[in-house]
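Asker: Structure file upload_6.txt, compact mmCIF, C-alpha atoms, is pasted below:
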```txt
# COMPACT_ATOMS: atom_id res chain seq x y z
CA MET W 1 38.01 4.27 -3.60
CA ALA W 2 36.18 3.70 -0.33
CA GLU W 3 36.24 6.55 2.19
CA ARG W 4 38.62 5.86 5.04
CA VAL W 5 37.04 5.73 8.49
CA SER W 6 38.72 8.03 11.00
CA HIS W 7 39.29 6.92 14.58
CA ASN W 8 40.92 10.13 15.74
CA GLN W 9 37.99 12.50 15.50
CA VAL W 10 36.93 14.29 18.67
CA TRP W 11 33.54 12.60 18.73
CA VAL W 12 35.16 9.15 18.72
CA LYS W 13 37.16 9.97 21.83
CA GLY W 14 34.08 11.37 23.53
CA PHE W 15 32.02 8.35 22.51
CA ARG W 16 34.55 5.90 23.93
CA ALA W 17 34.86 7.95 27.11
CA SER W 18 31.08 7.75 27.58
CA VAL W 19 31.20 3.98 27.16
CA ARG W 20 34.02 3.68 29.69
CA THR W 21 32.18 5.72 32.33
CA SER W 22 28.96 3.79 31.66
CA THR W 23 30.46 0.33 32.09
CA SER W 24 33.65 -1.00 33.66
CA GLU W 25 37.19 -1.98 32.74
CA GLY W 26 37.38 -4.22 29.69
CA TRP W 27 34.39 -2.77 27.81
CA TRP W 28 35.25 -1.14 24.48
CA VAL W 29 33.63 -0.08 21.22
CA ARG W 30 35.31 -0.11 17.82
CA GLU W 31 34.50 0.36 14.18
CA HIS W 32 33.90 -2.75 12.08
CA ARG W 33 33.05 -2.36 8.39
CA GLY W 34 31.45 1.02 8.98
CA ARG W 35 29.36 -0.22 11.88
CA MET W 36 29.82 -0.30 15.67
CA ARG W 37 30.99 -3.36 17.56
CA LEU W 38 31.07 -3.88 21.31
CA GLU W 39 33.95 -5.86 22.76
CA VAL W 40 34.25 -7.16 26.32
CA LYS W 41 37.39 -8.56 27.89
CA ALA W 42 36.64 -10.89 30.81
CA PRO W 43 38.86 -10.97 33.93
CA ASP W 44 40.41 -14.23 32.68
CA GLY W 45 41.43 -12.53 29.43
CA ARG W 46 38.79 -14.06 27.16
CA MET W 47 37.38 -11.66 24.58
CA THR W 48 33.78 -11.64 23.38
CA SER W 49 32.10 -9.21 21.06
CA VAL W 50 28.74 -8.41 19.56
CA ALA W 51 27.63 -6.19 16.71
CA LEU W 52 25.64 -3.08 17.52
CA PRO W 53 22.93 -1.92 15.07
CA PHE W 54 24.46 1.52 14.58
CA ASP W 55 26.65 3.14 11.94
CA TRP W 56 30.06 4.44 12.97
CA VAL W 57 28.91 8.06 12.82
CA LYS W 58 28.59 10.81 15.41
CA GLY W 59 24.83 11.09 15.06
CA GLN W 60 24.24 7.57 16.40
CA THR W 61 26.52 7.69 19.44
CA GLY W 62 23.74 8.71 21.83
CA ASP W 63 21.59 5.68 20.99
CA ALA W 64 24.69 3.48 21.04
CA VAL W 65 25.71 4.54 24.55
CA ALA W 66 22.17 3.94 25.81
CA ARG W 67 22.24 0.45 24.23
CA VAL W 68 25.64 -0.34 25.78
CA ARG W 69 24.37 0.74 29.21
CA SER W 70 21.40 -1.58 28.84
CA ILE W 71 23.61 -4.48 27.75
CA TYR W 72 25.97 -3.82 30.65
CA ARG W 73 23.10 -3.93 33.13
CA LEU W 74 21.77 -7.18 31.70
CA VAL W 75 25.21 -8.80 31.79
CA GLY W 76 25.41 -7.79 35.43
CA GLU W 77 22.15 -9.64 35.99
CA GLY W 78 23.73 -12.86 34.68
CA HIS W 79 23.05 -12.83 30.94
CA THR W 80 25.72 -13.62 28.37
CA LEU W 81 26.86 -10.77 26.18
CA LYS W 82 24.97 -12.16 23.19
CA SER W 83 21.70 -12.73 25.06
CA ALA W 84 22.02 -9.34 26.75
CA ALA W 85 22.37 -7.67 23.35
CA THR W 86 19.27 -9.50 22.12
CA LEU W 87 17.26 -8.49 25.18
CA ALA W 88 18.49 -4.91 24.99
CA ALA W 89 17.31 -4.69 21.39
CA GLY W 90 13.79 -5.27 22.66
CA GLU W 91 14.19 -2.42 25.15
CA ALA W 92 15.45 0.07 22.61
CA PRO W 93 12.94 2.58 21.24
CA ALA W 94 11.82 2.17 17.67
CA ALA W 95 11.43 5.94 17.40
CA PRO W 96 12.58 8.97 19.39
CA ILE W 97 10.70 9.42 22.65
CA ASN W 98 8.26 12.32 22.76
CA TRP W 99 9.10 13.39 26.30
CA ALA W 100 6.75 16.38 26.17
CA ALA W 101 3.84 14.02 25.51
CA VAL W 102 4.97 11.75 28.33
CA ALA W 103 5.06 14.75 30.67
CA GLU W 104 1.54 15.79 29.68
CA GLY W 105 0.27 12.27 30.32
CA PHE W 106 1.97 12.29 33.70
CA ARG W 107 0.35 15.63 34.56
CA ILE W 108 -3.11 14.27 33.74
CA GLN W 109 -2.39 11.13 35.76
CA LYS W 110 -1.35 13.12 38.84
CA LEU W 111 -4.28 15.54 38.67
CA GLN W 112 -7.11 13.19 37.68
CA HIS W 113 -6.28 9.58 38.57
CA GLY W 114 -5.00 7.49 41.44
CA THR W 115 -3.79 9.42 44.45
CA THR W 116 -4.41 12.83 42.94
CA VAL W 117 -2.62 16.03 43.89
CA LYS W 118 -3.89 19.59 43.91
CA PRO W 119 -2.95 21.85 40.98
CA GLU W 120 -0.84 24.00 43.30
CA THR W 121 1.02 20.88 44.48
CA TRP W 122 1.69 19.91 40.88
CA GLU W 123 3.05 23.36 40.11
CA ALA W 124 5.21 23.49 43.24
CA HIS W 125 6.58 19.95 43.49
CA TYR W 126 6.30 18.33 40.05
CA LEU W 127 6.25 20.90 37.27
CA PRO W 128 9.71 22.43 37.90
CA VAL W 129 11.64 19.16 37.80
CA VAL W 130 9.53 17.54 35.06
CA SER W 131 9.96 20.61 32.85
CA ALA W 132 13.70 20.56 33.47
CA ALA W 133 13.84 16.86 32.59
CA VAL W 134 11.93 17.32 29.33
CA GLU W 135 14.18 20.21 28.34
CA LEU W 136 17.31 18.16 29.03
CA LEU W 137 16.03 15.02 27.31
CA SER W 138 14.99 16.99 24.24
CA GLY W 139 18.28 18.85 23.97
CA ARG W 140 21.36 18.14 21.88
CA LYS W 141 23.36 16.85 24.86
CA ALA W 142 20.63 14.76 26.42
CA PRO W 143 21.50 12.56 29.42
CA MET W 144 22.02 8.94 28.42
CA ASN W 145 20.53 7.30 31.51
CA PRO W 146 18.16 8.05 34.40
CA ALA W 147 20.97 8.43 36.94
CA ASP W 148 22.63 11.22 34.96
CA LEU W 149 19.24 12.83 34.34
CA MET W 150 18.47 12.73 38.06
CA ASP W 151 21.76 14.38 38.98
CA GLN W 152 21.40 17.13 36.38
CA CYS W 153 17.83 17.92 37.41
CA ILE W 154 18.39 18.25 41.16
CA ARG W 155 21.94 19.50 41.58
CA SER W 156 20.78 23.14 41.84
CA TRP W 157 19.50 22.45 45.36
CA PRO W 158 21.77 21.75 48.36
CA PRO W 159 22.61 18.08 49.03
CA GLY W 160 20.31 16.53 51.60
CA SER W 161 17.82 19.39 51.46
CA ARG W 162 14.09 18.76 51.61
CA THR W 163 13.58 20.47 48.23
CA ARG W 164 16.20 18.28 46.57
CA GLN W 165 14.56 15.19 48.03
CA ILE W 166 11.10 16.21 46.78
CA ARG W 167 12.48 16.94 43.31
CA ALA W 168 14.15 13.52 43.17
CA GLN W 169 10.97 11.74 44.27
CA SER W 170 8.86 13.66 41.75
CA LEU W 171 11.27 12.88 38.90
CA ALA W 172 11.31 9.20 39.87
CA GLN W 173 7.50 9.13 39.68
CA PHE W 174 7.66 10.73 36.23
CA LEU W 175 10.13 8.12 34.94
CA ARG W 176 8.12 5.25 36.42
CA TYR W 177 5.01 6.57 34.70
CA GLY W 178 6.90 6.76 31.42
CA VAL W 179 8.13 3.17 31.66
CA HIS W 180 4.89 1.60 32.91
CA ARG W 181 2.27 3.70 31.13
CA ALA W 182 3.80 5.59 28.21
CA GLY W 183 5.94 2.98 26.45
CA VAL W 184 9.29 4.46 27.48
CA PRO W 185 12.04 1.77 27.38
CA VAL W 186 12.72 0.07 30.69
CA LEU W 187 16.29 1.39 30.66
CA TRP W 188 14.73 4.70 31.76
CA ALA W 189 13.37 3.23 35.00
CA PRO W 190 14.49 5.51 37.85
CA PRO W 191 17.35 4.55 40.17
CA ALA W 192 16.20 2.22 42.93
CA ASN W 193 18.11 4.18 45.56
CA LEU W 194 17.51 7.92 45.48
CA ARG W 195 19.60 8.59 48.57
CA GLN W 196 22.86 8.59 46.63
CA HIS W 197 21.44 11.33 44.40
CA VAL W 198 19.80 13.38 47.15
CA GLY W 199 22.95 13.20 49.26
CA ILE W 200 23.30 14.35 52.84
CA LYS W 201 23.69 17.78 54.32
CA SER W 202 27.20 18.97 54.92
CA ARG W 203 28.23 19.36 58.53
CA GLU W 204 28.07 23.13 58.07
CA ALA W 205 24.56 23.02 56.59
CA ALA W 206 23.32 20.66 59.29
CA SER W 207 24.76 22.96 61.94
CA ALA W 208 23.09 25.96 60.33
CA SER W 209 19.69 24.23 60.55
CA GLN W 210 20.15 23.98 64.33
CA LYS W 211 21.32 27.54 64.86
CA GLY W 212 18.44 29.60 66.04
CA ASP W 213 17.27 31.60 69.01
CA PRO W 214 15.13 30.55 71.97
CA PHE W 215 11.45 31.35 72.22
CA THR W 216 9.90 32.81 75.32
CA ASP W 217 7.56 30.46 77.14
CA GLN W 218 4.62 32.65 76.15
CA GLN W 219 5.59 32.51 72.47
CA ILE W 220 5.48 28.71 72.62
CA LEU W 221 2.12 28.77 74.39
CA ASN W 222 0.70 31.17 71.81
CA LEU W 223 1.91 28.94 68.98
CA LEU W 224 0.36 25.85 70.55
CA ALA W 225 -2.95 27.63 71.00
CA ALA W 226 -3.02 28.50 67.29
CA LEU W 227 -2.34 25.00 65.93
CA PRO W 228 -5.16 23.16 64.13
CA GLU W 229 -7.66 21.31 66.26
CA GLY W 230 -8.34 17.63 65.76
CA ALA W 231 -6.26 14.48 66.03
CA SER W 232 -3.54 15.58 63.63
CA GLY W 233 -3.08 18.96 65.29
CA GLN W 234 -2.97 17.27 68.70
CA ARG W 235 -0.16 14.97 67.57
CA TRP W 236 1.98 17.87 66.39
CA ALA W 237 1.16 19.90 69.51
CA ASP W 238 2.28 17.05 71.76
CA GLY W 239 5.51 16.72 69.82
CA ILE W 240 6.20 20.42 70.39
CA ARG W 241 5.25 20.15 74.08
CA LEU W 242 7.72 17.30 74.55
CA MET W 243 10.55 19.19 72.84
CA ALA W 244 9.86 22.35 74.85
CA GLU W 245 9.40 20.77 78.28
CA LEU W 246 12.18 18.16 77.98
CA GLY W 247 14.69 20.06 75.84
CA LEU W 248 14.70 17.45 73.09
CA ARG W 249 16.36 17.42 69.71
CA PRO W 250 13.65 16.68 67.11
CA ILE W 251 15.07 13.20 66.45
CA GLU W 252 14.88 12.36 70.15
CA LEU W 253 11.09 12.27 69.93
CA LEU W 254 11.64 8.83 68.38
CA HIS W 255 13.82 7.65 71.28
CA LEU W 256 11.65 8.35 74.33
CA THR W 257 10.80 5.81 76.99
CA ILE W 258 9.84 5.67 80.68
CA ARG W 259 11.94 4.15 83.45
CA THR W 260 11.28 3.66 87.16
CA ASP W 261 13.59 4.80 89.95
CA SER W 262 14.71 1.71 91.86
CA SER W 263 14.59 3.45 95.24
CA THR W 264 11.59 5.76 95.03
CA ARG W 265 9.61 3.73 92.46
CA GLU W 266 8.85 7.01 90.72
CA PRO W 267 8.69 6.96 86.90
CA TYR W 268 10.90 9.29 84.90
CA TRP W 269 11.69 10.11 81.28
CA TRP W 270 14.62 8.42 79.56
CA CYS W 271 16.13 9.16 76.13
CA THR W 272 17.94 6.32 74.35
CA TYR W 273 19.34 8.47 71.55
CA ARG W 274 23.12 8.65 71.22
CA LYS W 275 24.46 11.47 69.14
CA ARG W 276 27.66 10.67 67.28
CA SER W 277 30.13 13.36 66.28
CA GLY W 278 33.81 13.82 65.64
CA GLY W 279 34.43 13.95 69.38
CA GLY W 280 32.70 10.65 70.11
CA SER W 281 29.11 9.98 71.12
CA THR W 282 26.83 11.06 73.93
CA GLU W 283 25.23 8.52 76.23
CA SER W 284 21.57 7.76 76.79
CA ARG W 285 20.28 10.01 79.54
CA ARG W 286 17.61 10.81 82.04
CA LEU W 287 15.40 13.75 81.12
CA PHE W 288 14.24 16.44 83.53
CA PRO W 289 11.04 18.35 82.72
CA LEU W 290 11.03 22.13 83.00
CA PRO W 291 7.39 23.28 82.81
CA LEU W 292 6.74 26.50 80.96
CA ILE W 293 5.45 29.59 82.76
CA GLY W 294 3.21 31.96 80.86
CA GLU W 295 2.74 35.68 81.30
CA ASP W 296 0.04 34.96 83.89
CA GLY W 297 2.66 33.36 86.12
CA GLU W 298 1.04 29.93 85.97
CA ALA W 299 3.17 26.86 85.21
CA THR W 300 1.94 24.51 82.51
CA SER W 301 0.53 21.16 83.57
CA TRP W 302 0.47 19.04 80.44
CA ASN W 303 0.74 15.68 82.26
CA LEU W 304 2.96 14.40 79.47
CA LEU W 305 4.51 11.54 81.42
CA LYS W 306 1.19 10.15 82.68
CA ARG W 307 -0.39 10.53 79.27
CA TRP W 308 2.59 8.75 77.68
CA GLN W 309 2.27 5.89 80.18
CA ALA W 310 -1.42 5.59 79.36
CA ASN W 311 -0.67 5.52 75.60
CA LEU W 312 -2.59 8.75 75.15
CA ILE W 313 0.20 10.49 73.24
CA GLU W 314 0.56 9.65 69.56
CA LEU W 315 3.47 11.32 67.83
CA PRO W 316 3.10 12.89 64.38
CA PRO W 317 4.69 11.19 61.34
CA LEU W 318 8.42 11.87 61.64
CA GLY W 319 9.88 9.38 59.19
CA GLY W 320 9.28 8.55 55.54
CA GLY W 321 12.86 9.24 54.51
CA ASN W 322 12.98 12.75 55.98
CA SER W 323 14.67 13.78 59.19
CA PRO W 324 12.30 14.53 62.10
CA ALA W 325 13.57 18.13 62.06
CA ASP W 326 12.58 18.45 58.38
CA CYS W 327 9.15 16.93 59.08
CA ILE W 328 8.53 19.40 61.90
CA LYS W 329 9.79 22.28 59.79
CA THR W 330 7.47 21.31 56.92
CA PHE W 331 4.46 21.21 59.24
CA LEU W 332 5.30 24.49 60.94
CA ASN W 333 5.90 26.31 57.67
CA ARG W 334 2.27 25.65 56.79
CA GLN W 335 1.02 27.34 59.97
CA GLN W 336 0.25 31.05 59.92
CA ALA W 337 1.11 31.35 63.62
CA TRP W 338 4.61 30.00 62.93
CA ARG W 339 5.13 32.35 60.01
CA SER W 340 4.08 35.28 62.18
CA LEU W 341 6.43 34.14 64.95
CA ARG W 342 9.31 33.94 62.49
CA GLU W 343 8.58 37.46 61.28
CA THR W 344 8.44 38.77 64.84
CA MET W 345 11.78 37.19 65.68
CA ALA W 346 13.35 38.31 62.42
CA ALA W 347 12.40 41.90 63.26
CA ASN W 348 14.54 41.47 66.39
CA VAL W 349 17.38 39.91 64.36
CA GLN W 350 16.51 36.45 65.72
CA ARG W 351 15.88 33.17 63.93
CA ALA W 352 13.09 30.68 64.60
CA VAL W 353 13.91 27.03 63.83
CA PRO W 354 12.57 23.67 65.13
CA TYR W 355 15.58 23.56 67.48
CA SER W 356 14.36 26.80 69.09
CA PHE W 357 12.11 24.73 71.38
CA ARG W 358 15.21 22.95 72.70
CA HIS W 359 17.10 26.24 72.99
CA SER W 360 14.21 27.62 75.07
CA TYR W 361 14.64 24.75 77.52
CA SER W 362 18.29 25.72 78.01
CA LEU W 363 17.45 29.37 78.63
CA ARG W 364 14.59 28.45 80.97
CA GLY W 365 16.91 26.28 83.06
CA HIS W 366 19.53 28.98 83.45
CA GLN W 367 16.88 31.56 84.30
CA ARG W 368 15.80 29.25 87.12
CA GLY W 369 19.31 29.00 88.51
CA ILE W 370 20.35 25.56 87.23
CA ASP W 371 24.10 25.43 86.70
CA ALA W 372 25.62 24.90 83.25
CA GLY W 373 27.01 21.45 84.06
CA SER W 374 23.61 20.12 85.11
CA MET W 375 21.92 21.65 82.09
CA ALA W 376 24.54 20.16 79.76
CA GLN W 377 23.97 16.69 81.21
CA ALA W 378 20.20 17.04 80.98
CA MET W 379 20.46 18.11 77.33
CA GLY W 380 22.87 15.36 76.30
CA HIS W 381 26.06 17.18 75.42
CA SER W 382 29.33 18.19 77.03
CA LEU W 383 29.79 21.28 79.17
CA GLU W 384 32.11 22.69 76.50
CA VAL W 385 29.49 22.27 73.78
CA HIS W 386 26.81 23.68 76.07
CA CYS W 387 28.72 26.85 76.87
CA ARG W 388 29.74 27.28 73.23
CA SER W 389 26.17 26.80 71.99
CA TYR W 390 24.46 28.85 74.68
CA PRO W 391 26.36 32.01 75.63
CA TRP W 392 23.97 32.69 78.49
CA ALA W 393 25.18 29.47 80.14
CA SER W 394 28.66 30.79 80.86
CA VAL W 395 27.31 34.26 81.68
CA ALA W 396 24.77 32.82 84.12
CA GLY W 397 27.44 30.66 85.70
CA THR W 398 29.75 33.62 86.15
CA ILE W 399 27.02 35.76 87.70
CA ALA W 400 25.97 32.94 90.03
CA ALA W 401 29.56 32.30 91.11
CA PHE W 402 30.17 35.95 92.01
CA ASP W 403 26.79 36.20 93.74
CA ARG W 404 27.75 33.24 95.93
CA ALA W 405 31.15 34.79 96.69
CA ASN W 406 29.61 38.13 97.63
CA THR W 407 26.95 36.42 99.75
CA ILE W 408 29.67 34.59 101.71
CA LEU W 409 31.63 37.83 102.11
CA ARG W 410 28.59 39.68 103.44
CA ALA W 411 27.81 36.83 105.82
CA GLU W 412 31.35 36.84 107.21
CA ALA W 413 31.31 40.62 107.59
CA SER W 414 28.14 40.49 109.62
```
The structure in this file should be written as structure tokens.
Answerer:
Amino acid sequence: MAERVSHNQVWVKGFRASVRTSTSEGWWVREHRGRMRLEVKAPDGRMTSVALPFDWVKGQTGDAVARVRSIYRLVGEGHTLKSAATLAAGEAPAAPINWAAVAEGFRIQKLQHGTTVKPETWEAHYLPVVSAAVELLSGRKAPMNPADLMDQCIRSWPPGSRTRQIRAQSLAQFLRYGVHRAGVPVLWAPPANLRQHVGIKSREAASASQKGDPFTDQQILNLLAALPEGASGQRWADGIRLMAELGLRPIELLHLTIRTDSSTREPYWWCTYRKRSGGGSTESRRLFPLPLIGEDGEATSWNLLKRWQANLIELPPLGGGNSPADCIKTFLNRQQAWRSLRETMAANVQRAVPYSFRHSYSLRGHQRGIDAGSMAQAMGHSLEVHCRSYPWASVAGTIAAFDRANTILRAEAS
């Protein structure tokens, strides 16, 4: 008597659940004469089906789900179910993939061919995520598609973080190498859009990246003096000078322009960036330079506006999928002078971040007697936000108000 096929085993339920999450409504797998069969119900109610080359056993569910995913993708590209199944058969591996060998080939490729990387770069940016991928893909519960693999390999790092982004990019390179150079089936091509896997920083995390303490003017000058010489170092130095003298957010470096006063014909800085938040958005604004003053008492004269007008300022690379703040942070973290500055501030229970240049502008303005309302307008946020972000703003305003009152009182008494 033939052995009865069970449809109530735990693995069957798990198998069908994997198919459901891998496709869409109307896609189903069933047993047919001891083999697997894929059925698809169209929106108009018509039913089509195709045989899958797998036995109705637990050990073949992994390959079956991968095949169904491939068929589903091809149907989405316009193929019929039958032709999609035929095409998918050509994509399926004839033998298990040796992911460790693929990883070794990728390592050699990155170190010896094409745009090579240094061994330390391989170990820092590629090896961790590639090793994690090989371990997952070689395990008993291996991911069935590149999207799931991507998520499992990078979820240990915070959404939107630079590290998570680098890991995703490195894993995508590894999968592309596997498909194009190592014979890995095309169904393992990496997701076209990595952003949905990298994610974005939570509002709390983004806020934390901005929370820091102001530098003194001399600390900024010392840092600038220690930056690398040459064209690249000059670009980064000018970016820092602009943030420090104009009180810019890092992203506002990409939104700078020059306007001319209609009455005086004098040129002035203008920022076109509009920051959106839960309370609305800030308007484009005029910028007001506040030159730095070093310990020698001399004010800086960087001639930023004239140099900008003459196209003599070239900004550093601030794009490429990363936020300008992350780009600046990455550059600074490579500089010994920045690391020393961070240590000095940490010893005083202070925190150095790219936004510290902007924070220094705020402190400099209040030290020079500029009221909180004017500083808030110059920095592109509300008075409420300004006083909440910079405690010295409200303190300085209070001191100035009482100084004025006492001055008037003394004048009247005399």
Asker: If I take CA of Leu305 (chain W) and CA of Ser262 (chain W), how far is one from the other in Å, to one decimal?
Answerer: 17.6 Å
Asker: Quick one: contact table of region 192-253 of chain W to region 170-185 of chain W, 12 Å max, nearest atom pair and distance in Å to one decimal per residue, counting all atoms listed in the file, chain and number order, as a tab-separated table?
Answerer:
```
residue	atom	partner	partner_atom	distance
W:Ala192	CA	W:Ala172	CA	9.1
W:Asn193	CA	W:Ala172	CA	10.2
W:Leu194	CA	W:Ala172	CA	8.5
W:His197	CA	W:Ala172	CA	11.3
W:Val198	CA	W:Leu171	CA	11.9
```
Asker: Identify, on the basis of only C-alpha atoms, every residue whose closest approach to Val129 (chain W) does not exceed 9 Å; exclude the query and any residue fewer than 5 positions from it along the same chain; express the result as number ranges by chain.
Answerer: W: 134, 153-154, 167-168, 170-171
Asker: Quick one: residues within 8 Å of Thr257 (chain W), all atoms listed in the file counted, chain neighbours fewer than 2 positions away excluded, as a PyMOL selection string?
Answerer: chain W and resi 255+259+269-272
Asker: Using all atoms listed in the file, what does the table of region 72-176 of chain W residues within 10 Å of region 39-56 of chain W look like, with each row giving the shortest atom pair and its distance in Å to one decimal, sorted by chain and ascending number, as JSON lines?
Answerer:
```
{"residue": "W:Tyr72", "atom": "CA", "partner": "W:Val40", "partner_atom": "CA", "distance": 9.9}
{"residue": "W:Thr80", "atom": "CA", "partner": "W:Thr48", "partner_atom": "CA", "distance": 9.7}
{"residue": "W:Leu81", "atom": "CA", "partner": "W:Val50", "partner_atom": "CA", "distance": 7.3}
{"residue": "W:Lys82", "atom": "CA", "partner": "W:Val50", "partner_atom": "CA", "distance": 6.4}
{"residue": "W:Ser83", "atom": "CA", "partner": "W:Val50", "partner_atom": "CA", "distance": 9.9}
{"residue": "W:Ala84", "atom": "CA", "partner": "W:Val50", "partner_atom": "CA", "distance": 9.9}
{"residue": "W:Ala85", "atom": "CA", "partner": "W:Val50", "partner_atom": "CA", "distance": 7.4}
{"residue": "W:Thr86", "atom": "CA", "partner": "W:Val50", "partner_atom": "CA", "distance": 9.9}
{"residue": "W:Ala89", "atom": "CA", "partner": "W:Pro53", "partner_atom": "CA", "distance": 8.9}
```
Asker: In Å, how far is it from CA of Thr330 (chain W) to CA of Arg162 (chain W)?
Answerer: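 These atoms are spaced 8.9 Å apart.
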Asker: Could you check how far CA of Thr216 (chain W) sits from CA of Leu287 (chain W), in Å to one decimal?
Answerer: 20.7 Å
Asker: Would you place a box with edges along x, y and z of the file around all atoms of region 44-63 of chain W listed there, add 8 Å to each of its six sides, and report the centre and edge lengths in Å to one decimal, as lines of an AutoDock Vina configuration file?
Answerer:
```
center_x = 31.5
center_y = -1.6
center_z = 22.3
size_x = 35.8
size_y = 41.3
size_z = 36.7
```
Asker: Each residue of region 268-385 of chain W with at least one atom at most 12 Å from region 243-246 of chain W should appear once, together with its nearest atom pair and the corresponding distance in Å (one decimal); atoms considered: only C-alpha atoms; ordering: chain, then increasing residue number; output as a Markdown table.
Answerer:
```
| residue | atom | partner | partner_atom | distance |
| --- | --- | --- | --- | --- |
| W:Tyr268 | CA | W:Leu246 | CA | 11.3 |
| W:Trp269 | CA | W:Leu246 | CA | 8.7 |
| W:Trp270 | CA | W:Leu246 | CA | 10.2 |
| W:Cys271 | CA | W:Leu246 | CA | 10.0 |
| W:Arg285 | CA | W:Leu246 | CA | 11.6 |
| W:Arg286 | CA | W:Leu246 | CA | 10.0 |
| W:Leu287 | CA | W:Leu246 | CA | 6.3 |
| W:Phe288 | CA | W:Leu246 | CA | 6.2 |
| W:Pro289 | CA | W:Leu246 | CA | 4.9 |
| W:Leu290 | CA | W:Glu245 | CA | 5.2 |
| W:Pro291 | CA | W:Glu245 | CA | 5.6 |
| W:Leu292 | CA | W:Glu245 | CA | 6.9 |
| W:Ile293 | CA | W:Glu245 | CA | 10.7 |
| W:Ala299 | CA | W:Glu245 | CA | 11.1 |
| W:Thr300 | CA | W:Glu245 | CA | 9.4 |
| W:Ser301 | CA | W:Glu245 | CA | 10.3 |
| W:Trp302 | CA | W:Glu245 | CA | 9.3 |
| W:Asn303 | CA | W:Glu245 | CA | 10.8 |
| W:Leu304 | CA | W:Glu245 | CA | 9.1 |
| W:Leu305 | CA | W:Leu246 | CA | 10.7 |
| W:Leu315 | CA | W:Met243 | CA | 11.7 |
| W:Pro324 | CA | W:Met243 | CA | 11.8 |
| W:Ala325 | CA | W:Met243 | CA | 11.2 |
| W:Ile328 | CA | W:Met243 | CA | 11.1 |
| W:Pro354 | CA | W:Met243 | CA | 9.1 |
| W:Tyr355 | CA | W:Met243 | CA | 8.6 |
| W:Ser356 | CA | W:Ala244 | CA | 8.6 |
| W:Phe357 | CA | W:Ala244 | CA | 4.8 |
| W:Arg358 | CA | W:Ala244 | CA | 5.8 |
| W:His359 | CA | W:Ala244 | CA | 8.4 |
| W:Ser360 | CA | W:Ala244 | CA | 6.8 |
| W:Tyr361 | CA | W:Ala244 | CA | 6.0 |
| W:Ser362 | CA | W:Ala244 | CA | 9.6 |
| W:Leu363 | CA | W:Ala244 | CA | 11.0 |
| W:Arg364 | CA | W:Glu245 | CA | 9.7 |
| W:Gly365 | CA | W:Glu245 | CA | 10.5 |
| W:Met375 | CA | W:Leu246 | CA | 11.1 |
| W:Ala378 | CA | W:Leu246 | CA | 8.6 |
| W:Met379 | CA | W:Leu246 | CA | 8.3 |
| W:Gly380 | CA | W:Leu246 | CA | 11.2 |
```
Asker: Using all atoms listed in the file for the distances, tell me which of W:Ala226, W:Leu242, W:Ala372, W:Ala310 is nearest to Trp338 (chain W).
Answerer: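 Checking each of W:Ala226, W:Leu242, W:Ala372, W:Ala310 against Trp338 (chain W), counting all atoms listed in the file, the winner is W:Ala226.
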